[in-house]
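Colleague: Sharing model.cif, mmCIF, C-alpha atoms:
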```
data_final
loop_
_atom_site.group_PDB
_atom_site.id
_atom_site.type_symbol
_atom_site.label_atom_id
_atom_site.label_comp_id
_atom_site.auth_asym_id
_atom_site.auth_seq_id
_atom_site.Cartn_x
_atom_site.Cartn_y
_atom_site.Cartn_z
ATOM 1 C CA MET A 1 23.408 12.240 31.323
ATOM 2 C CA TYR A 2 20.718 13.919 29.202
ATOM 3 C CA SER A 3 21.074 17.612 29.776
ATOM 4 C CA VAL A 4 19.380 18.798 26.610
ATOM 5 C CA LEU A 5 15.786 18.251 25.696
ATOM 6 C CA LYS A 6 14.375 19.957 22.664
ATOM 7 C CA PRO A 7 11.023 19.566 20.971
ATOM 8 C CA CYS A 8 11.062 17.848 17.581
ATOM 9 C CA LYS A 9 9.977 20.120 14.750
ATOM 10 C CA THR A 10 6.580 18.427 14.740
ATOM 11 C CA SER A 11 6.192 19.061 18.498
ATOM 12 C CA ALA A 12 4.681 15.579 18.831
ATOM 13 C CA ALA A 13 7.773 14.355 20.658
ATOM 14 C CA PHE A 14 10.848 15.499 22.525
ATOM 15 C CA GLU A 15 14.426 14.637 21.739
ATOM 16 C CA ALA A 16 16.995 13.986 24.436
ATOM 17 C CA ILE A 17 20.604 14.494 23.419
ATOM 18 C CA PRO A 18 23.407 12.903 25.468
ATOM 19 C CA ARG A 19 25.638 15.465 27.174
ATOM 20 C CA GLU A 20 28.705 13.425 26.314
ATOM 21 C CA ARG A 21 29.429 11.075 23.444
ATOM 22 C CA PHE A 22 28.862 7.385 24.040
ATOM 23 C CA THR A 23 27.558 4.310 22.254
ATOM 24 C CA LEU A 24 24.868 2.007 23.551
ATOM 25 C CA ASP A 25 24.905 -1.771 23.225
ATOM 26 C CA LEU A 26 21.227 -2.195 22.435
ATOM 27 C CA ASP A 27 21.242 -5.940 23.165
ATOM 28 C CA LEU A 28 22.450 -5.241 26.707
ATOM 29 C CA CYS A 29 20.007 -2.350 26.967
ATOM 30 C CA GLU A 30 17.188 -4.701 26.083
ATOM 31 C CA ASP A 31 18.237 -7.079 28.873
ATOM 32 C CA ILE A 32 18.321 -4.216 31.369
ATOM 33 C CA PHE A 33 15.098 -2.536 30.277
ATOM 34 C CA ARG A 34 13.151 -5.781 30.157
ATOM 35 C CA LYS A 35 13.212 -5.798 33.961
ATOM 36 C CA VAL A 36 11.904 -2.254 34.374
ATOM 37 C CA CYS A 37 9.657 -1.412 31.422
ATOM 38 C CA THR A 38 7.996 -2.884 28.340
ATOM 39 C CA ILE A 39 10.020 -3.646 25.223
ATOM 40 C CA ILE A 40 8.021 -2.667 22.138
ATOM 41 C CA THR A 41 10.614 -3.768 19.584
ATOM 42 C CA HIS A 42 14.326 -4.192 19.020
ATOM 43 C CA ALA A 43 14.992 -3.203 15.420
ATOM 44 C CA GLY A 44 18.764 -3.678 15.625
ATOM 45 C CA ILE A 45 19.521 -0.018 15.030
ATOM 46 C CA MET A 46 17.130 1.178 17.706
ATOM 47 C CA LEU A 47 15.222 -0.088 20.679
ATOM 48 C CA ILE A 48 11.678 1.067 21.378
ATOM 49 C CA VAL A 49 10.386 0.792 24.930
ATOM 50 C CA SER A 50 7.297 1.918 26.797
ATOM 51 C CA ASP A 51 7.366 3.304 30.317
ATOM 52 C CA GLN A 52 5.827 6.668 31.216
ATOM 53 C CA CYS A 53 5.802 7.281 27.470
ATOM 54 C CA GLU A 54 7.095 5.442 24.416
ATOM 55 C CA VAL A 55 10.804 6.008 23.762
ATOM 56 C CA SER A 56 13.008 5.258 20.750
ATOM 57 C CA ILE A 57 16.564 4.621 21.932
ATOM 58 C CA HIS A 58 19.297 4.990 19.334
ATOM 59 C CA LYS A 59 22.797 3.491 19.403
ATOM 60 C CA ASP A 60 24.330 6.933 19.820
ATOM 61 C CA GLY A 61 22.285 7.397 22.977
ATOM 62 C CA ARG A 62 19.801 9.802 21.454
ATOM 63 C CA LEU A 63 16.232 9.395 22.700
ATOM 64 C CA ILE A 64 12.981 10.267 20.955
ATOM 65 C CA LEU A 65 10.332 10.611 23.652
ATOM 66 C CA LYS A 66 6.812 10.316 22.285
ATOM 67 C CA THR A 67 4.903 12.696 24.507
ATOM 68 C CA ASP A 68 3.514 16.211 24.284
ATOM 69 C CA SER A 69 4.610 16.923 27.858
ATOM 70 C CA GLY A 70 8.059 18.338 28.527
ATOM 71 C CA ASP A 71 7.793 17.252 32.161
ATOM 72 C CA VAL A 72 7.058 13.650 31.223
ATOM 73 C CA ALA A 73 9.884 13.700 28.653
ATOM 74 C CA ARG A 74 12.432 15.039 31.158
ATOM 75 C CA GLU A 75 11.391 12.557 33.831
ATOM 76 C CA GLN A 76 11.470 9.676 31.342
ATOM 77 C CA ALA A 77 14.937 10.641 30.104
ATOM 78 C CA GLY A 78 16.098 10.743 33.717
ATOM 79 C CA ARG A 79 14.689 7.287 34.399
ATOM 80 C CA ILE A 80 16.474 5.845 31.364
ATOM 81 C CA ALA A 81 19.715 7.513 32.400
ATOM 82 C CA GLY A 82 19.321 5.973 35.847
ATOM 83 C CA TRP A 83 18.771 2.505 34.410
ATOM 84 C CA LEU A 84 21.855 2.800 32.200
ATOM 85 C CA GLU A 85 24.260 4.522 34.583
ATOM 86 C CA GLY A 86 27.215 2.312 35.446
ATOM 87 C CA THR A 87 26.131 -0.631 33.302
ATOM 88 C CA PRO A 88 28.190 -2.263 30.535
ATOM 89 C CA ALA A 89 25.502 -1.195 28.056
ATOM 90 C CA ILE A 90 27.229 2.199 27.836
ATOM 91 C CA ARG A 91 30.480 2.397 25.910
ATOM 92 C CA LYS A 92 32.093 5.767 26.459
ATOM 93 C CA HIS A 93 34.097 7.358 23.669
ATOM 94 C CA ARG A 94 37.745 8.078 24.413
ATOM 95 C CA ASP A 95 37.337 11.816 23.991
ATOM 96 C CA SER A 96 34.456 12.060 26.429
ATOM 97 C CA GLY A 97 34.854 12.593 30.129
ATOM 98 C CA SER A 98 33.065 10.848 32.945
ATOM 99 C CA LEU A 99 29.319 10.634 32.612
ATOM 100 C CA LYS A 100 27.460 13.087 34.766
ATOM 101 C CA LYS A 101 23.846 12.891 35.582
ATOM 102 C CA MET B 102 -9.754 5.098 -14.327
ATOM 103 C CA LYS B 103 -9.029 3.841 -10.835
ATOM 104 C CA LEU B 104 -5.824 4.462 -8.890
ATOM 105 C CA ILE B 105 -4.419 3.238 -5.593
ATOM 106 C CA SER B 106 -3.285 6.354 -3.739
ATOM 107 C CA LEU B 107 -0.465 5.889 -1.251
ATOM 108 C CA ILE B 108 -1.505 8.502 1.246
ATOM 109 C CA SER B 109 0.295 9.649 4.382
ATOM 110 C CA GLY B 110 -0.445 12.338 6.934
ATOM 111 C CA GLY B 111 1.932 14.692 5.118
ATOM 112 C CA ILE B 112 1.354 17.598 2.762
ATOM 113 C CA ASP B 113 2.039 16.093 -0.664
ATOM 114 C CA SER B 114 -0.010 12.918 -1.061
ATOM 115 C CA PRO B 115 -3.392 14.543 -0.224
ATOM 116 C CA VAL B 116 -2.669 17.196 -2.860
ATOM 117 C CA ALA B 117 -1.738 14.551 -5.442
ATOM 118 C CA THR B 118 -4.903 12.653 -4.577
ATOM 119 C CA TYR B 119 -7.052 15.772 -4.885
ATOM 120 C CA LEU B 120 -5.584 16.630 -8.289
ATOM 121 C CA MET B 121 -6.421 13.192 -9.670
ATOM 122 C CA ILE B 122 -9.941 13.147 -8.174
ATOM 123 C CA ARG B 123 -10.442 16.475 -9.920
ATOM 124 C CA ARG B 124 -9.515 14.738 -13.174
ATOM 125 C CA GLY B 125 -12.271 12.205 -12.608
ATOM 126 C CA VAL B 126 -10.133 9.366 -11.307
ATOM 127 C CA GLU B 127 -11.645 6.946 -8.796
ATOM 128 C CA ILE B 128 -9.399 6.648 -5.751
ATOM 129 C CA VAL B 129 -8.736 3.821 -3.299
ATOM 130 C CA ALA B 130 -6.491 5.116 -0.512
ATOM 131 C CA VAL B 131 -3.776 3.024 1.109
ATOM 132 C CA HIS B 132 -2.042 4.216 4.265
ATOM 133 C CA MET B 133 1.119 2.446 5.381
ATOM 134 C CA ASP B 134 1.077 2.494 9.172
ATOM 135 C CA ASN B 135 4.673 3.022 10.320
ATOM 136 C CA ARG B 136 4.100 2.482 14.019
ATOM 137 C CA PRO B 137 6.062 1.993 16.269
ATOM 138 C CA PHE B 138 8.418 4.207 14.265
ATOM 139 C CA THR B 139 5.807 6.967 14.188
ATOM 140 C CA ASP B 140 2.880 7.615 16.493
ATOM 141 C CA GLU B 141 -0.870 7.178 16.265
ATOM 142 C CA LYS B 142 -1.283 10.844 15.314
ATOM 143 C CA ASN B 143 -0.138 10.086 11.770
ATOM 144 C CA LEU B 144 -2.929 7.572 11.293
ATOM 145 C CA ASP B 145 -5.466 10.012 12.769
ATOM 146 C CA LYS B 146 -4.243 12.751 10.438
ATOM 147 C CA THR B 147 -4.446 10.475 7.403
ATOM 148 C CA LEU B 148 -8.006 9.402 8.159
ATOM 149 C CA ASN B 149 -8.963 13.052 8.716
ATOM 150 C CA LEU B 150 -7.364 13.968 5.386
ATOM 151 C CA VAL B 151 -9.330 11.260 3.568
ATOM 152 C CA ARG B 152 -12.491 12.473 5.315
ATOM 153 C CA HIS B 153 -11.716 16.033 4.236
ATOM 154 C CA LEU B 154 -11.083 15.019 0.609
ATOM 155 C CA ARG B 155 -14.326 13.095 0.572
ATOM 156 C CA THR B 156 -16.258 16.122 1.834
ATOM 157 C CA LEU B 157 -14.418 18.483 -0.508
ATOM 158 C CA THR B 158 -14.914 16.440 -3.663
ATOM 159 C CA GLY B 159 -18.103 14.554 -2.834
ATOM 160 C CA THR B 160 -16.253 11.345 -3.706
ATOM 161 C CA PRO B 161 -16.355 8.371 -1.311
ATOM 162 C CA ILE B 162 -12.871 6.927 -0.785
ATOM 163 C CA LYS B 163 -12.304 3.336 0.305
ATOM 164 C CA THR B 164 -9.267 3.307 2.591
ATOM 165 C CA TYR B 165 -6.879 0.516 3.510
ATOM 166 C CA VAL B 166 -4.543 0.731 6.506
ATOM 167 C CA VAL B 167 -1.557 -1.599 6.221
ATOM 168 C CA PRO B 168 0.876 -2.399 9.066
ATOM 169 C CA HIS B 169 4.335 -1.415 7.812
ATOM 170 C CA GLY B 170 6.276 -1.361 11.105
ATOM 171 C CA PRO B 171 7.169 -5.090 10.969
ATOM 172 C CA ASN B 172 8.595 -4.562 7.464
ATOM 173 C CA HIS B 173 10.813 -1.762 8.787
ATOM 174 C CA ILE B 174 12.104 -4.053 11.539
ATOM 175 C CA THR B 175 13.057 -6.822 9.104
ATOM 176 C CA ILE B 176 14.709 -4.347 6.741
ATOM 177 C CA ALA B 177 16.614 -2.610 9.540
ATOM 178 C CA ARG B 178 17.906 -5.890 10.936
ATOM 179 C CA ASN B 179 19.058 -7.332 7.628
ATOM 180 C CA CYS B 180 19.747 -4.717 4.988
ATOM 181 C CA ASN B 181 22.108 -1.838 4.238
ATOM 182 C CA ARG B 182 21.133 1.080 6.451
ATOM 183 C CA HIS B 183 21.703 3.771 3.824
ATOM 184 C CA LEU B 184 19.215 2.129 1.469
ATOM 185 C CA HIS B 185 16.425 1.807 4.036
ATOM 186 C CA CYS B 186 14.087 4.368 2.440
ATOM 187 C CA LEU B 187 14.418 2.612 -0.917
ATOM 188 C CA PHE B 188 13.466 -0.754 0.569
ATOM 189 C CA CYS B 189 10.591 0.870 2.434
ATOM 190 C CA ARG B 190 9.202 2.471 -0.718
ATOM 191 C CA ARG B 191 9.634 -0.672 -2.792
ATOM 192 C CA MET B 192 7.683 -2.603 -0.143
ATOM 193 C CA MET B 193 4.934 0.031 -0.188
ATOM 194 C CA TYR B 194 4.697 -0.187 -3.970
ATOM 195 C CA ARG B 195 4.522 -3.985 -3.907
ATOM 196 C CA ILE B 196 1.730 -3.941 -1.341
ATOM 197 C CA ALA B 197 -0.116 -1.210 -3.264
ATOM 198 C CA GLU B 198 0.190 -3.291 -6.420
ATOM 199 C CA ARG B 199 -1.383 -6.293 -4.731
ATOM 200 C CA ILE B 200 -4.250 -4.100 -3.549
ATOM 201 C CA ALA B 201 -4.532 -2.697 -7.080
ATOM 202 C CA GLU B 202 -4.953 -6.225 -8.426
ATOM 203 C CA ARG B 203 -7.621 -6.896 -5.819
ATOM 204 C CA GLU B 204 -9.438 -3.627 -6.564
ATOM 205 C CA GLY B 205 -9.089 -3.762 -10.349
ATOM 206 C CA ALA B 206 -7.135 -0.500 -10.316
ATOM 207 C CA ASP B 207 -5.029 0.790 -13.196
ATOM 208 C CA GLY B 208 -1.998 2.107 -11.332
ATOM 209 C CA ILE B 209 -0.433 3.577 -8.212
ATOM 210 C CA LEU B 210 -0.673 7.268 -7.275
ATOM 211 C CA THR B 211 1.948 8.968 -5.089
ATOM 212 C CA GLY B 212 2.814 12.477 -3.923
ATOM 213 C CA GLU B 213 6.482 12.153 -4.868
ATOM 214 C CA SER B 214 8.313 15.046 -6.490
ATOM 215 C CA VAL B 215 11.874 15.173 -7.712
ATOM 216 C CA GLY B 216 14.501 16.194 -5.221
ATOM 217 C CA GLN B 217 12.221 16.915 -2.298
ATOM 218 C CA VAL B 218 13.832 14.378 -0.001
ATOM 219 C CA ALA B 219 16.881 12.157 -0.406
ATOM 220 C CA SER B 220 14.880 9.118 -1.503
ATOM 221 C CA GLN B 221 13.173 11.051 -4.292
ATOM 222 C CA THR B 222 16.003 11.599 -6.752
ATOM 223 C CA LEU B 223 15.367 10.484 -10.332
ATOM 224 C CA GLN B 224 17.798 7.609 -9.892
ATOM 225 C CA ASN B 225 16.064 6.417 -6.740
ATOM 226 C CA LEU B 226 12.595 6.796 -8.243
ATOM 227 C CA SER B 227 13.799 4.619 -11.117
ATOM 228 C CA VAL B 228 14.943 1.958 -8.650
ATOM 229 C CA VAL B 229 11.621 2.113 -6.819
ATOM 230 C CA ASN B 230 9.658 1.816 -10.071
ATOM 231 C CA ARG B 231 11.371 -1.477 -10.843
ATOM 232 C CA ALA B 232 9.727 -3.166 -7.852
ATOM 233 C CA ILE B 233 6.382 -3.386 -9.639
ATOM 234 C CA LYS B 234 4.804 -3.683 -13.074
ATOM 235 C CA TYR B 235 1.921 -1.252 -12.571
ATOM 236 C CA PRO B 236 2.366 2.360 -13.723
ATOM 237 C CA VAL B 237 3.131 4.919 -11.017
ATOM 238 C CA ILE B 238 1.333 8.248 -11.464
ATOM 239 C CA ARG B 239 3.101 11.243 -9.865
ATOM 240 C CA PRO B 240 1.116 14.412 -10.527
ATOM 241 C CA LEU B 241 3.496 16.504 -8.374
ATOM 242 C CA ILE B 242 6.720 15.316 -9.962
ATOM 243 C CA GLY B 243 7.851 18.759 -11.168
ATOM 244 C CA PHE B 244 6.303 20.865 -8.420
ATOM 245 C CA ASP B 245 8.399 22.572 -5.781
ATOM 246 C CA LYS B 246 7.325 22.531 -2.157
ATOM 247 C CA GLU B 247 5.904 26.040 -2.142
ATOM 248 C CA GLU B 248 3.650 25.236 -5.082
ATOM 249 C CA ILE B 249 2.380 22.121 -3.329
ATOM 250 C CA ILE B 250 1.769 24.058 -0.113
ATOM 251 C CA THR B 251 -0.176 26.712 -2.015
ATOM 252 C CA ILE B 252 -2.561 24.057 -3.349
ATOM 253 C CA ALA B 253 -2.746 22.359 0.059
ATOM 254 C CA ARG B 254 -3.761 25.657 1.672
ATOM 255 C CA LYS B 255 -6.314 26.291 -1.053
ATOM 256 C CA ILE B 256 -8.024 22.916 -0.594
ATOM 257 C CA GLY B 257 -7.767 22.954 3.202
ATOM 258 C CA THR B 258 -5.495 19.957 3.685
ATOM 259 C CA TYR B 259 -2.451 21.960 4.829
ATOM 260 C CA GLU B 260 -3.911 22.665 8.268
ATOM 261 C CA ILE B 261 -4.552 18.965 8.839
ATOM 262 C CA SER B 262 -1.214 17.804 7.417
ATOM 263 C CA THR B 263 0.749 20.157 9.661
ATOM 264 C CA LEU B 264 -0.912 19.097 12.907
ATOM 265 C CA PRO B 265 1.560 17.485 15.333
ATOM 266 C CA GLY B 266 2.700 14.023 14.354
ATOM 267 C CA LEU B 267 5.958 12.182 14.722
ATOM 268 C CA CYS B 268 8.048 11.829 11.563
ATOM 269 C CA CYS B 269 9.387 8.361 10.792
ATOM 270 C CA THR B 270 12.182 7.734 13.293
ATOM 271 C CA ILE B 271 13.842 4.900 11.396
ATOM 272 C CA VAL B 272 14.978 7.105 8.509
ATOM 273 C CA PRO B 273 18.799 6.843 8.264
ATOM 274 C CA LYS B 274 20.941 9.880 8.932
ATOM 275 C CA GLN B 275 22.566 9.549 5.518
ATOM 276 C CA PRO B 276 20.093 8.005 3.075
ATOM 277 C CA SER B 277 21.357 7.002 -0.333
ATOM 278 C CA THR B 278 20.537 9.522 -3.063
ATOM 279 C CA ALA B 279 21.797 7.421 -5.964
ATOM 280 C CA ALA B 280 21.095 3.774 -5.292
ATOM 281 C CA LYS B 281 22.244 1.213 -7.820
ATOM 282 C CA PRO B 282 19.604 -1.362 -8.815
ATOM 283 C CA GLU B 283 22.043 -4.248 -8.377
ATOM 284 C CA ASP B 284 22.916 -3.149 -4.834
ATOM 285 C CA VAL B 285 19.251 -2.900 -3.907
ATOM 286 C CA LEU B 286 18.464 -6.334 -5.346
ATOM 287 C CA ASN B 287 21.473 -7.855 -3.611
ATOM 288 C CA GLU B 288 20.391 -6.454 -0.244
ATOM 289 C CA GLU B 289 16.764 -7.449 -0.758
ATOM 290 C CA SER B 290 17.851 -11.036 -1.379
ATOM 291 C CA LYS B 291 18.635 -11.181 2.350
ATOM 292 C CA ILE B 292 14.964 -10.941 3.288
ATOM 293 C CA ASP B 293 11.822 -12.858 2.291
ATOM 294 C CA ILE B 294 9.985 -10.151 0.377
ATOM 295 C CA ASP B 295 6.990 -12.307 -0.585
ATOM 296 C CA SER B 296 6.409 -13.353 3.005
ATOM 297 C CA LEU B 297 6.550 -9.740 4.219
ATOM 298 C CA VAL B 298 4.037 -8.655 1.577
ATOM 299 C CA GLU B 299 1.682 -11.498 2.504
ATOM 300 C CA LYS B 300 1.885 -10.706 6.210
ATOM 301 C CA SER B 301 1.237 -7.043 5.521
ATOM 302 C CA LEU B 302 -1.865 -7.912 3.501
ATOM 303 C CA GLU B 303 -3.067 -10.285 6.203
ATOM 304 C CA GLY B 304 -2.728 -7.538 8.825
ATOM 305 C CA MET B 305 -4.427 -4.739 6.894
ATOM 306 C CA TYR B 306 -7.902 -3.435 7.571
ATOM 307 C CA VAL B 307 -10.278 -1.394 5.484
ATOM 308 C CA PHE B 308 -12.724 1.476 5.865
ATOM 309 C CA GLY B 309 -15.530 1.243 3.315
ATOM 310 C CA PRO B 310 -16.106 4.174 0.913
ATOM 311 C CA GLU B 311 -18.757 5.701 3.178
ATOM 312 C CA ALA B 312 -17.109 4.838 6.505
ATOM 313 C CA LEU B 313 -14.933 7.920 6.928
#
```
Could you rewrite the structure in this file as C-alpha cells?
Modeller:
Amino acid sequence: MYSVLKPCKTSAAFEAIPRERFTLDLDLCEDIFRKVCTIITHAGIMLIVSDQCEVSIHKDGRLILKTDSGDVAREQAGRIAGWLEGTPAIRKHRDSGSLKK
Amino acid sequence: MKLISLISGGIDSPVATYLMIRRGVEIVAVHMDNRPFTDEKNLDKTLNLVRHLRTLTGTPIKTYVVPHGPNHITIARNCNRHLHCLFCRRMMYRIAERIAEREGADGILTGESVGQVASQTLQNLSVVNRAIKYPVIRPLIGFDKEEIITIARKIGTYEISTLPGLCCTIVPKQPSTAAKPEDVLNEESKIDIDSLVEKSLEGMYVFGPEAL
C-alpha cells in the first residue's frame, strides 16, 4: 500500500505516500487502531497514534512517521497498511485500481 | 524595556531576540509547545537556543513553555481549515499577552517577516495583531531569508536551528494568505477562546533566568 518512503526535509521523520489514491475514514481508523496501538489524539483532520514510533495519519492516507530510522518507518508503514487492508476505513477513489501491498 | 519573545526552534525568532537584546531590551522567552504535531526535538532546540543566547549576550532569560497542542486540536475540529495558522498565531499572541501582564512586559516580540510564509502577509499580520492590545515588535519585518540566515550564522544560532526537528504537521496544505477579519472572528466564535487560554496558562511551566 505504501510503496514510497521519503525523508522529510528536516530528516526528523519519514513520509509514507500511498501508492494509489484513497481516503481514510479517521473515525473508523481510530476504532481499528485502538485495538492494536495507542491513540495519541484524533484531531478530526488527522489521527496520531503510537506503535513502534509515533505516526500522524492524514485523511488522504499520507503518513508522517516520527523516527530517524528508515527501517522502523518502513516496518511501521507496513503494519498500518496491514491493519487497514480490507477494512471499511479505506475508501478507494474511482480512478484507482485495487490496493496492492 | 521588557518584551515577551515568542521563540521557536526555527531560524528567525532567535535572531529577532538577539537583535532586541543587543538594543538593551530585557527578554522573557515563551515557547509554544506544538506536540503532538511536532516532536520533542523542537523543544530541545528551543531550550538550546535560549541557552546559547544567554551565553552569547550574558543576559539571563526566563523561559516559559506553554502546551499548544490541545489548542490545535480544538481549532482543527471546529474551525475553517484554511485559516488554521491565523487561529494558531492569534492564540499564541493572546497567551503571550497574558504572560506579558504577569511579567510587567511592554510588548510581544516575534521573528515574523513579510511574505516569508503564507500566514505572514501584511493582511494576515493585521488580522493577528487585532487579537491583542499589546504592541507587537517585529525587528525582522523587512528582512529577506538570506539576510536573516547571515545574522543567524554570525551569532551561532543557525547550526542549532537547523538541527533535525519535525515541522508542524497540522499546517493546512492551502493556508489563507488574505484572511478577512470578519471571517476569522466568525470562525473563532465556534470555540471557547478564554477557556483555551486559561488551560494553556495552567499547563505551562517555567525555567528561571539562570536555569538554562
Colleague: For B:Pro137, which residue out of B:Leu154, B:Cys269, B:Val215, B:Ile250 is the nearest one, using all atoms listed in the file?
Modeller: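 The answer is B:Cys269, which sits nearest to B:Pro137.
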Colleague: Measuring between all atoms listed in the file, which one of A:Val49, A:Glu75, A:Val36, A:Asp31 shows the shortest distance to chain B?
Modeller: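 Residue with the minimum atom-to-atom distance to chain B: A:Val49.
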Colleague: May I have the residues within 7 Å of stretch 56-67 of chain A as a list of chain:residue names, using only C-alpha atoms and disregarding those fewer than 5 positions away in the same chain?
Modeller: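 Near neighbours after the sequence-gap exclusion: A:Ala12, A:Ala13, A:Phe14, A:Glu15, A:Ala16, A:Ile17, A:Pro18, A:Phe22, A:Thr23, A:Leu24, A:Asp25, A:Leu26, A:Ile45, A:Met46, A:Leu47, A:Ile48, A:Val49, A:Ala73.
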Colleague: Work out how far apart atom CA of B:Met192 and atom CA of B:Pro265 are and give it in Å to one decimal.
Modeller: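 Separation of atom CA of B:Met192 and atom CA of B:Pro265: 26.1 Å.
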Colleague: Check every residue of chain A for an atom within 6 Å of chain B, counting only C-alpha atoms, and provide those that qualify as JSON, numbers by chain.
Modeller: {"A": [10, 11, 12, 43, 44]}
Colleague: Quick one: pull the distance between atom CA of B:Asp284 and atom CA of B:Val229, Å, one decimal.
Modeller: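 Between these atoms lies a distance of 12.6 Å.
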Colleague: Using the chain letters and numbering of this document, enumerate as a list of chain:residue names the residues selected by the PyMOL selection byres ((chain A and resi 21) around 7).
Modeller: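 With the shown file as input, the PyMOL selection byres ((chain A and resi 21) around 7) matches A:Pro18, A:Arg19, A:Glu20, A:Phe22, A:Lys92, A:His93, A:Ser96.
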Colleague: Kindly give the distance, in Å, that separates atom CA of A:Cys53 and atom CA of B:Val131, rounded to a single decimal.
Modeller: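 Rounded to one decimal, the two atoms are 28.4 Å apart.
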Colleague: Counting all atoms listed in the file, which residues come within 10 Å of (9.8, 0.9, 35.2), with the point read in the file's coordinates, and could you list them as an MDAnalysis selection string?
Modeller: chainID A and resid 33:38 50:52 76 79:80 83
Colleague: Where does the PyMOL selection byres ((chain B and resi 279) around 6) land in this file, that is, which residues does it pick, as a PyMOL selection string?
Modeller: chain B and resi 224-225+277-278+280
